[in-house]
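The data block below is model.txt; it holds compact mmCIF, C-alpha atoms.
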```
# COMPACT_ATOMS: atom_id res chain seq x y z
CA GLY A 103 0.00 0.00 0.00
CA ILE A 104 1.31 3.44 -0.95
CA ASP A 105 0.27 6.90 0.19
CA LEU A 106 1.37 9.06 -2.73
CA GLY A 107 1.14 12.40 -0.95
CA THR A 108 1.40 15.99 -2.11
CA THR A 109 4.24 16.75 0.31
CA ASN A 110 5.27 13.31 1.65
CA SER A 111 4.73 9.70 0.62
CA ALA A 112 4.96 6.34 2.40
CA ILE A 113 4.84 2.61 1.73
CA CYS A 114 3.39 -0.09 3.97
CA ARG A 115 2.63 -3.81 3.82
CA MET A 116 0.83 -6.39 5.92
CA GLU A 117 3.14 -8.63 7.93
CA LYS A 118 1.49 -11.42 9.96
CA GLY A 119 -1.80 -9.51 9.90
CA GLU A 120 -0.24 -6.22 11.04
CA PRO A 121 0.34 -3.14 8.86
CA VAL A 122 4.05 -2.25 8.89
CA VAL A 123 5.43 1.00 7.45
CA ILE A 124 8.63 0.34 5.51
CA LYS A 125 11.45 2.73 6.38
CA THR A 126 13.13 4.86 3.71
CA ASP A 127 16.85 4.90 2.90
CA THR A 128 17.24 7.58 5.60
CA LEU A 129 15.30 5.37 8.09
CA LYS A 130 12.25 7.64 8.12
CA GLU A 131 8.64 6.52 7.76
CA THR A 132 7.89 9.12 5.06
CA LEU A 133 9.67 10.24 1.91
CA PRO A 134 9.45 13.84 0.63
CA SER A 135 7.42 13.89 -2.61
CA CYS A 136 10.25 15.73 -4.30
CA VAL A 137 12.14 14.90 -7.52
CA SER A 138 15.38 16.37 -8.85
CA VAL A 139 17.33 16.03 -12.09
CA ASN A 140 21.10 16.57 -11.89
CA LYS A 141 23.46 17.89 -14.60
CA LYS A 142 24.18 14.33 -15.79
CA GLY A 143 20.45 13.75 -16.26
CA SER A 144 20.10 11.36 -13.32
CA ILE A 145 16.75 11.52 -11.57
CA ARG A 146 16.31 10.99 -7.85
CA ALA A 147 13.38 11.31 -5.49
CA GLY A 148 13.05 11.81 -1.76
CA ASP A 149 15.38 13.31 0.82
CA GLY A 150 18.30 13.73 -1.60
CA ALA A 151 16.10 15.69 -4.01
CA TYR A 152 14.64 17.75 -1.17
CA ASN A 153 18.12 18.62 0.15
CA THR A 154 19.14 19.67 -3.39
CA MET A 155 16.11 21.97 -3.56
CA LYS A 156 17.00 23.58 -0.20
CA SER A 157 20.64 24.16 -1.19
CA ASP A 158 19.55 25.56 -4.61
CA LYS A 159 17.26 28.04 -2.85
CA ARG A 160 19.99 29.00 -0.39
CA ARG A 161 22.49 29.62 -3.23
CA ALA A 162 19.93 31.66 -5.17
CA SER A 163 19.14 33.86 -2.16
CA GLN A 164 22.83 34.40 -1.40
CA SER A 165 23.77 35.26 -4.98
CA GLY A 166 20.65 37.35 -5.65
CA LYS A 167 20.15 35.51 -8.96
CA SER A 168 16.91 33.91 -10.00
CA LEU A 169 16.56 30.21 -9.21
CA ASP A 170 17.07 27.84 -12.16
CA SER A 171 15.75 24.80 -10.32
CA ASN A 172 15.71 21.26 -11.61
CA THR A 173 13.84 20.14 -8.51
CA TYR A 174 10.07 19.66 -8.39
CA ILE A 175 7.48 19.49 -5.59
CA GLU A 176 3.69 19.48 -5.32
CA PHE A 177 3.28 17.97 -8.81
CA LYS A 178 0.45 15.82 -7.44
CA ARG A 179 -1.69 18.98 -7.61
CA THR A 180 -1.41 18.95 -11.43
CA MET A 181 -2.07 15.23 -11.98
CA GLY A 182 -4.37 14.70 -14.95
CA THR A 183 -3.55 18.08 -16.51
CA ASP A 184 -1.21 19.01 -19.38
CA LYS A 185 1.15 20.93 -17.04
CA LEU A 186 4.81 20.16 -17.76
CA TYR A 187 7.90 20.74 -15.62
CA TYR A 188 10.97 21.84 -17.57
CA SER A 189 14.48 20.66 -16.71
CA SER A 190 17.35 22.77 -18.08
CA ASN A 191 19.74 19.92 -17.15
CA THR A 192 18.14 17.53 -19.64
CA ASN A 193 16.37 20.09 -21.87
CA LYS A 194 13.26 17.99 -21.37
CA ASN A 195 9.75 18.44 -19.98
CA TYR A 196 8.35 16.08 -17.37
CA SER A 197 4.66 15.44 -16.73
CA SER A 198 3.16 15.12 -13.25
CA GLU A 199 2.73 11.41 -13.93
CA GLU A 200 6.43 10.98 -14.79
CA LEU A 201 7.50 12.80 -11.62
CA SER A 202 5.03 10.83 -9.50
CA SER A 203 6.33 7.58 -11.00
CA GLU A 204 9.84 8.49 -9.75
CA VAL A 205 8.47 8.79 -6.20
CA LEU A 206 6.70 5.44 -6.61
CA LYS A 207 9.86 3.77 -7.97
CA THR A 208 11.86 5.07 -5.01
CA LEU A 209 9.28 3.79 -2.50
CA LYS A 210 9.23 0.43 -4.29
CA SER A 211 13.04 0.20 -3.99
CA PHE A 212 12.80 0.13 -0.17
CA VAL A 213 11.18 -3.33 -0.32
CA THR A 214 14.27 -5.49 -0.78
CA ASP A 215 13.06 -8.91 0.37
CA GLU A 216 10.33 -9.52 -2.23
CA VAL A 217 9.35 -8.61 -5.77
CA PHE A 218 5.84 -7.19 -6.03
CA ARG A 219 3.92 -5.91 -9.04
CA SER A 220 0.55 -5.03 -7.47
CA VAL A 221 -0.15 -1.99 -5.32
CA VAL A 222 -2.95 -0.05 -3.65
CA ILE A 223 -2.41 3.72 -3.89
CA THR A 224 -4.44 6.20 -1.88
CA VAL A 225 -5.88 9.32 -3.53
CA PRO A 226 -7.74 12.38 -2.19
CA ALA A 227 -11.52 11.99 -1.90
CA LYS A 228 -12.07 14.77 -4.43
CA PHE A 229 -9.73 13.40 -7.13
CA THR A 230 -11.48 13.48 -10.52
CA VAL A 231 -11.59 10.57 -12.98
CA GLY A 232 -8.73 12.25 -14.90
CA GLN A 233 -6.60 12.54 -11.78
CA LYS A 234 -7.28 8.91 -10.86
CA THR A 235 -6.39 7.77 -14.37
CA ALA A 236 -3.16 9.80 -14.15
CA THR A 237 -2.30 8.10 -10.84
CA ILE A 238 -2.78 4.65 -12.41
CA GLU A 239 -0.58 5.77 -15.34
CA ALA A 240 2.16 6.85 -12.89
CA ALA A 241 1.95 3.41 -11.24
CA LYS A 242 2.38 1.71 -14.64
CA MET A 243 5.42 3.91 -15.38
CA ALA A 244 6.85 2.79 -12.02
CA GLY A 245 6.57 -0.86 -13.08
CA PHE A 246 3.36 -1.92 -11.35
CA GLU A 247 1.21 -4.28 -13.41
CA ARG A 248 -1.85 -3.87 -11.24
CA CYS A 249 -2.92 -0.76 -9.32
CA GLU A 250 -6.03 -0.28 -7.20
CA LEU A 251 -6.96 3.18 -5.90
CA LEU A 252 -8.43 3.84 -2.48
CA GLN A 253 -9.68 7.21 -1.21
CA GLU A 254 -7.48 8.51 1.61
CA PRO A 255 -10.27 8.87 4.21
CA ILE A 256 -11.40 5.31 3.45
CA ALA A 257 -7.85 4.04 4.02
CA ALA A 258 -7.81 5.91 7.35
CA SER A 259 -11.13 4.25 8.26
CA PHE A 260 -9.74 0.78 7.50
CA ALA A 261 -6.71 1.51 9.66
CA TYR A 262 -8.90 2.68 12.55
CA GLY A 263 -11.26 -0.28 12.11
CA LEU A 264 -8.42 -2.77 12.62
CA SER A 265 -8.09 -1.77 16.28
CA ALA A 266 -11.38 -0.06 17.20
CA GLU A 267 -13.35 -1.72 19.98
CA GLN A 268 -16.63 0.03 19.12
CA LYS A 269 -16.98 -0.64 15.41
CA ASP A 270 -20.66 -0.21 14.49
CA GLY A 271 -22.07 3.27 13.94
CA ILE A 272 -21.53 6.43 11.91
CA TRP A 273 -17.88 7.50 11.53
CA MET A 274 -16.55 10.87 10.48
CA VAL A 275 -12.97 10.55 9.26
CA PHE A 276 -10.63 13.51 8.72
CA ASP A 277 -7.42 13.28 6.71
CA PHE A 278 -5.20 16.29 7.43
CA GLY A 279 -2.68 15.91 4.61
CA GLY A 280 0.26 18.15 3.86
CA GLY A 281 -1.36 19.43 0.66
CA THR A 282 -4.97 18.22 0.82
CA PHE A 283 -7.69 17.95 3.45
CA ASP A 284 -10.39 15.28 3.19
CA VAL A 285 -13.37 14.18 5.23
CA ALA A 286 -15.63 11.16 4.82
CA LEU A 287 -18.85 10.01 6.48
CA LEU A 288 -19.15 6.24 6.81
CA LYS A 289 -21.75 3.85 8.10
CA VAL A 290 -20.17 0.80 9.73
CA GLU A 291 -22.27 -2.26 10.44
CA ASP A 292 -21.05 -5.82 11.11
CA GLY A 293 -17.60 -4.97 9.74
CA ILE A 294 -18.97 -3.56 6.48
CA MET A 295 -18.04 0.07 5.71
CA GLN A 296 -20.23 2.18 3.46
CA VAL A 297 -19.18 5.67 2.47
CA PHE A 298 -22.21 7.89 2.12
CA ASP A 299 -20.50 11.25 1.67
CA THR A 300 -17.04 12.69 1.07
CA ALA A 301 -15.66 16.19 0.64
CA GLY A 302 -12.22 17.68 0.37
CA ASP A 303 -9.95 20.50 -0.69
```
Kindly transcribe the structure held in the file into structure tokens.
Amino acid sequence: GIDLGTTNSAICRMEKGEPVVIKTDTLKETLPSCVSVNKKGSIRAGDGAYNTMKSDKRRASQSGKSLDSNTYIEFKRTMGTDKLYYSSNTNKNYSSEELSSEVLKTLKSFVTDEVFRSVVITVPAKFTVGQKTATIEAAKMAGFERCELLQEPIAASFAYGLSAEQKDGIWMVFDFGGGTFDVALLKVEDGIMQVFDTAGD
């Protein structure tokens, strides 16, 4: 399972019936949703890319020159649009899907003890059909053969439901993301969850 977030992303899997978050290369539970392209044209995602962005900004502010950045953030906001991100290092444009696929590839690389080709990716409750299609396309670019999408508040409900003592009733679930905010109303009866309304920004 992958949370492909606007600001941070994470990967998790079930181990002996328990959800376990897989640590990144810097031993964190989340990875910055940040991608950079260096002068040799190598692409990297995560903390290394984020650190590059910070040092680029620092250099630009010290020199007083405008920032010619080859580092990209918040591209999830433009999923499913024709927005392109230009890299002067490769003289190439990258789509939101291509940049998102780099984050997905990096997350996938942290699982070293098994090969997997199927994934569940969470998306904001208000993602349109175009944005959902773009997310599935990013997953394909990252090498996943099968991709299921799950709304973020629904994923939060499942996580809560695993340990909740009082399960039946009406649930209101908030997802305070770094770049999006979602809420869902669910009816839970005999372990069956039904979403009857969602909203988000």
Could you name the residues that touch Phe246 of chain A at 6 Å or less, counting all atoms listed in the file, but leaving out those on the same chain fewer than 2 positions away, as number ranges by chain?
A: 219-220, 241-242, 244, 248
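Shown here are all protein and nucleic acid residues lying within 7 Å of (-15.7, 15.5, 1.4), with only C-alpha atoms considered: Ala227, Lys228, Asp284, Val285, Ala286, Asp299, Thr300, Ala301 and Gly302 of chain A.
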Using all atoms listed in the file, what does the table of segment 168-248 of chain A residues within 12 Å of segment 113-123 of chain A look like, with each row giving the shortest atom pair and its distance in Å to one decimal, sorted by chain and ascending number, as JSON lines?
```
{"residue": "A:Val205", "atom": "CA", "partner": "A:Ile113", "partner_atom": "CA", "distance": 10.7}
{"residue": "A:Leu206", "atom": "CA", "partner": "A:Ile113", "partner_atom": "CA", "distance": 9.0}
{"residue": "A:Lys207", "atom": "CA", "partner": "A:Ile113", "partner_atom": "CA", "distance": 11.0}
{"residue": "A:Thr208", "atom": "CA", "partner": "A:Ile113", "partner_atom": "CA", "distance": 10.0}
{"residue": "A:Leu209", "atom": "CA", "partner": "A:Ile113", "partner_atom": "CA", "distance": 6.2}
{"residue": "A:Lys210", "atom": "CA", "partner": "A:Ile113", "partner_atom": "CA", "distance": 7.8}
{"residue": "A:Ser211", "atom": "CA", "partner": "A:Ile113", "partner_atom": "CA", "distance": 10.3}
{"residue": "A:Phe212", "atom": "CA", "partner": "A:Ile113", "partner_atom": "CA", "distance": 8.6}
{"residue": "A:Val213", "atom": "CA", "partner": "A:Ile113", "partner_atom": "CA", "distance": 8.9}
{"residue": "A:Glu216", "atom": "CA", "partner": "A:Arg115", "partner_atom": "CA", "distance": 11.3}
{"residue": "A:Phe218", "atom": "CA", "partner": "A:Arg115", "partner_atom": "CA", "distance": 10.9}
{"residue": "A:Ser220", "atom": "CA", "partner": "A:Arg115", "partner_atom": "CA", "distance": 11.5}
{"residue": "A:Val221", "atom": "CA", "partner": "A:Arg115", "partner_atom": "CA", "distance": 9.7}
{"residue": "A:Val222", "atom": "CA", "partner": "A:Ile113", "partner_atom": "CA", "distance": 9.8}
{"residue": "A:Ile223", "atom": "CA", "partner": "A:Ile113", "partner_atom": "CA", "distance": 9.2}
{"residue": "A:Thr224", "atom": "CA", "partner": "A:Ile113", "partner_atom": "CA", "distance": 10.6}
```
With C-alpha atoms retained, could you export that selection as a JSON list (two decimals), in the coordinates of the input?
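Result written to out05.json:
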```
[["chain", "number", "residue", "atom", "x", "y", "z"],
["A", 205, "VAL", "CA", 8.47, 8.79, -6.20],
["A", 206, "LEU", "CA", 6.70, 5.44, -6.61],
["A", 207, "LYS", "CA", 9.86, 3.77, -7.97],
["A", 208, "THR", "CA", 11.86, 5.07, -5.01],
["A", 209, "LEU", "CA", 9.28, 3.79, -2.50],
["A", 210, "LYS", "CA", 9.23, 0.43, -4.29],
["A", 211, "SER", "CA", 13.04, 0.20, -3.99],
["A", 212, "PHE", "CA", 12.80, 0.13, -0.17],
["A", 213, "VAL", "CA", 11.18, -3.33, -0.32],
["A", 216, "GLU", "CA", 10.33, -9.52, -2.23],
["A", 218, "PHE", "CA", 5.84, -7.19, -6.03],
["A", 220, "SER", "CA", 0.55, -5.03, -7.47],
["A", 221, "VAL", "CA", -0.15, -1.99, -5.32],
["A", 222, "VAL", "CA", -2.95, -0.05, -3.65],
["A", 223, "ILE", "CA", -2.41, 3.72, -3.89],
["A", 224, "THR", "CA", -4.44, 6.20, -1.88]]
```
Need to verify the contact set: Thr183 of chain A, 9 Å, all atoms listed in the file, exclusion of same-chain residues closer than 5 positions in sequence. Can you return it as a ChimeraX atom specification?
/A:197-198,232-233,236
Give me the residues within 6 Å of segment 136-151 of chain A as a list in words, counting all atoms listed in the file and dropping any in the same chain fewer than 6 places off.
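The contact residues come out as Asn172, Thr173, Tyr174, Ile175, Asn191, Thr192 and Val205 of chain A.
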Restrict the selected residues to C-alpha atoms and save them as a compact mmCIF listing (two decimals), keeping the file's coordinate frame.
```
# COMPACT_ATOMS: atom_id res chain seq x y z
CA ASN A 172 15.71 21.26 -11.61
CA THR A 173 13.84 20.14 -8.51
CA TYR A 174 10.07 19.66 -8.39
CA ILE A 175 7.48 19.49 -5.59
CA ASN A 191 19.74 19.92 -17.15
CA THR A 192 18.14 17.53 -19.64
CA VAL A 205 8.47 8.79 -6.20
```
Hey, can you check how far atom CA of Lys194 of chain A sits from atom CA of Met181 of chain A?
18.2 Å
Determine the nearest neighbour of Glu176 of chain A from the options A:Lys125, A:Ala112, A:Gly281, A:Lys159, counting only C-alpha atoms.
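Closest residue, counting only C-alpha atoms: A:Gly281.
Between atom CA of Met295 of chain A and atom CA of Gly271 of chain A the interatomic distance comes to 9.7 Å.
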Shortest interatomic distance to Ser203 of chain A - which of A:Glu291, A:Glu247, A:Asp170, A:Glu239, counting only C-alpha atoms:
A:Glu239
Students should find that atom CA of Tyr188 of chain A and atom CA of Arg160 of chain A are spaced 20.7 Å
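Shortest atom-to-atom contact with Val231 of chain A among A:Ile104, A:Tyr152, A:Gly182, A:Lys289: A:Gly182, counting all atoms listed in the file.
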Within 8 Å of Thr282 of chain A using all atoms listed in the file, minus same-chain residues under 2 positions, as an NGL selection string:
:A and (108 or 226 or 278-280 or 284 or 302-303)
I need every residue sitting at most 8 Å from the point (-8.3, 10.0, 5.5) (coordinates as in the file, only C-alpha atoms considered), written as a list in words.
Gln253, Glu254, Pro255, Ile256, Ala257, Ala258, Ser259, Val275, Phe276, Asp277, Phe278, Asp284, Val285 and Ala286 of chain A
Written coordinates, N, CA, C and O atoms of segment 202-227 of chain A as an mmCIF file, in the first residue's frame:
```
data_model
loop_
_atom_site.group_PDB
_atom_site.id
_atom_site.type_symbol
_atom_site.label_atom_id
_atom_site.label_comp_id
_atom_site.auth_asym_id
_atom_site.auth_seq_id
_atom_site.Cartn_x
_atom_site.Cartn_y
_atom_site.Cartn_z
ATOM 1 N N SER A 202 5.642 11.692 -10.512
ATOM 2 C CA SER A 202 5.027 10.829 -9.495
ATOM 3 C C SER A 202 5.566 9.406 -9.597
ATOM 4 O O SER A 202 5.772 8.740 -8.577
ATOM 5 N N SER A 203 5.814 8.946 -10.825
ATOM 6 C CA SER A 203 6.334 7.585 -11.000
ATOM 7 C C SER A 203 7.723 7.440 -10.378
ATOM 8 O O SER A 203 8.078 6.379 -9.876
ATOM 9 N N GLU A 204 8.503 8.533 -10.369
ATOM 10 C CA GLU A 204 9.836 8.487 -9.748
ATOM 11 C C GLU A 204 9.720 8.314 -8.230
ATOM 12 O O GLU A 204 10.519 7.595 -7.615
ATOM 13 N N VAL A 205 8.720 8.963 -7.636
ATOM 14 C CA VAL A 205 8.471 8.793 -6.198
ATOM 15 C C VAL A 205 8.053 7.351 -5.927
ATOM 16 O O VAL A 205 8.548 6.701 -4.995
ATOM 17 N N LEU A 206 7.163 6.819 -6.769
ATOM 18 C CA LEU A 206 6.698 5.436 -6.605
ATOM 19 C C LEU A 206 7.844 4.433 -6.766
ATOM 20 O O LEU A 206 7.956 3.483 -5.990
ATOM 21 N N LYS A 207 8.701 4.657 -7.763
ATOM 22 C CA LYS A 207 9.862 3.766 -7.967
ATOM 23 C C LYS A 207 10.765 3.760 -6.739
ATOM 24 O O LYS A 207 11.277 2.719 -6.333
ATOM 25 N N THR A 208 10.981 4.955 -6.176
ATOM 26 C CA THR A 208 11.856 5.065 -5.005
ATOM 27 C C THR A 208 11.258 4.327 -3.818
ATOM 28 O O THR A 208 11.946 3.577 -3.130
ATOM 29 N N LEU A 209 9.954 4.510 -3.591
ATOM 30 C CA LEU A 209 9.280 3.793 -2.496
ATOM 31 C C LEU A 209 9.385 2.280 -2.704
ATOM 32 O O LEU A 209 9.669 1.530 -1.763
ATOM 33 N N LYS A 210 9.163 1.864 -3.939
ATOM 34 C CA LYS A 210 9.233 0.435 -4.285
ATOM 35 C C LYS A 210 10.617 -0.139 -3.985
ATOM 36 O O LYS A 210 10.751 -1.278 -3.548
ATOM 37 N N SER A 211 11.656 0.668 -4.180
ATOM 38 C CA SER A 211 13.037 0.197 -3.988
ATOM 39 C C SER A 211 13.355 -0.119 -2.526
ATOM 40 O O SER A 211 14.326 -0.824 -2.235
ATOM 41 N N PHE A 212 12.550 0.385 -1.600
ATOM 42 C CA PHE A 212 12.799 0.130 -0.172
ATOM 43 C C PHE A 212 12.374 -1.276 0.252
ATOM 44 O O PHE A 212 12.743 -1.737 1.320
ATOM 45 N N VAL A 213 11.575 -1.940 -0.600
ATOM 46 C CA VAL A 213 11.177 -3.326 -0.323
ATOM 47 C C VAL A 213 12.212 -4.217 -1.001
ATOM 48 O O VAL A 213 12.176 -4.412 -2.209
ATOM 49 N N THR A 214 13.137 -4.735 -0.207
ATOM 50 C CA THR A 214 14.274 -5.486 -0.777
ATOM 51 C C THR A 214 14.129 -6.995 -0.655
ATOM 52 O O THR A 214 14.882 -7.735 -1.266
ATOM 53 N N ASP A 215 13.151 -7.472 0.133
ATOM 54 C CA ASP A 215 13.056 -8.915 0.371
ATOM 55 C C ASP A 215 11.970 -9.611 -0.441
ATOM 56 O O ASP A 215 11.708 -10.792 -0.259
ATOM 57 N N GLU A 216 11.314 -8.873 -1.341
ATOM 58 C CA GLU A 216 10.334 -9.519 -2.229
ATOM 59 C C GLU A 216 10.126 -8.656 -3.469
ATOM 60 O O GLU A 216 10.364 -7.451 -3.456
ATOM 61 N N VAL A 217 9.687 -9.320 -4.537
ATOM 62 C CA VAL A 217 9.352 -8.607 -5.773
ATOM 63 C C VAL A 217 7.831 -8.531 -5.824
ATOM 64 O O VAL A 217 7.155 -9.552 -5.709
ATOM 65 N N PHE A 218 7.295 -7.330 -5.952
ATOM 66 C CA PHE A 218 5.837 -7.193 -6.030
ATOM 67 C C PHE A 218 5.465 -6.307 -7.205
ATOM 68 O O PHE A 218 6.177 -5.377 -7.531
ATOM 69 N N ARG A 219 4.357 -6.647 -7.845
ATOM 70 C CA ARG A 219 3.922 -5.912 -9.037
ATOM 71 C C ARG A 219 2.507 -5.359 -8.901
ATOM 72 O O ARG A 219 1.969 -4.806 -9.839
ATOM 73 N N SER A 220 1.903 -5.544 -7.729
ATOM 74 C CA SER A 220 0.551 -5.035 -7.474
ATOM 75 C C SER A 220 0.601 -4.077 -6.298
ATOM 76 O O SER A 220 1.357 -4.305 -5.343
ATOM 77 N N VAL A 221 -0.206 -3.029 -6.360
ATOM 78 C CA VAL A 221 -0.150 -1.994 -5.325
ATOM 79 C C VAL A 221 -1.521 -1.347 -5.153
ATOM 80 O O VAL A 221 -2.314 -1.290 -6.098
ATOM 81 N N VAL A 222 -1.787 -0.900 -3.927
ATOM 82 C CA VAL A 222 -2.950 -0.053 -3.649
ATOM 83 C C VAL A 222 -2.395 1.332 -3.361
ATOM 84 O O VAL A 222 -1.519 1.492 -2.512
ATOM 85 N N ILE A 223 -2.865 2.335 -4.089
ATOM 86 C CA ILE A 223 -2.410 3.719 -3.891
ATOM 87 C C ILE A 223 -3.597 4.548 -3.413
ATOM 88 O O ILE A 223 -4.688 4.465 -3.991
ATOM 89 N N THR A 224 -3.364 5.353 -2.380
ATOM 90 C CA THR A 224 -4.440 6.204 -1.879
ATOM 91 C C THR A 224 -4.457 7.531 -2.633
ATOM 92 O O THR A 224 -3.416 8.038 -3.039
ATOM 93 N N VAL A 225 -5.681 8.045 -2.825
ATOM 94 C CA VAL A 225 -5.881 9.315 -3.531
ATOM 95 C C VAL A 225 -6.854 10.178 -2.730
ATOM 96 O O VAL A 225 -7.665 9.661 -1.974
ATOM 97 N N PRO A 226 -6.781 11.511 -2.889
ATOM 98 C CA PRO A 226 -7.737 12.383 -2.192
ATOM 99 C C PRO A 226 -9.182 12.056 -2.575
ATOM 100 O O PRO A 226 -9.456 11.604 -3.697
ATOM 101 N N ALA A 227 -10.105 12.299 -1.659
ATOM 102 C CA ALA A 227 -11.520 11.991 -1.895
ATOM 103 C C ALA A 227 -12.070 12.746 -3.105
ATOM 104 O O ALA A 227 -12.933 12.255 -3.815
#
```
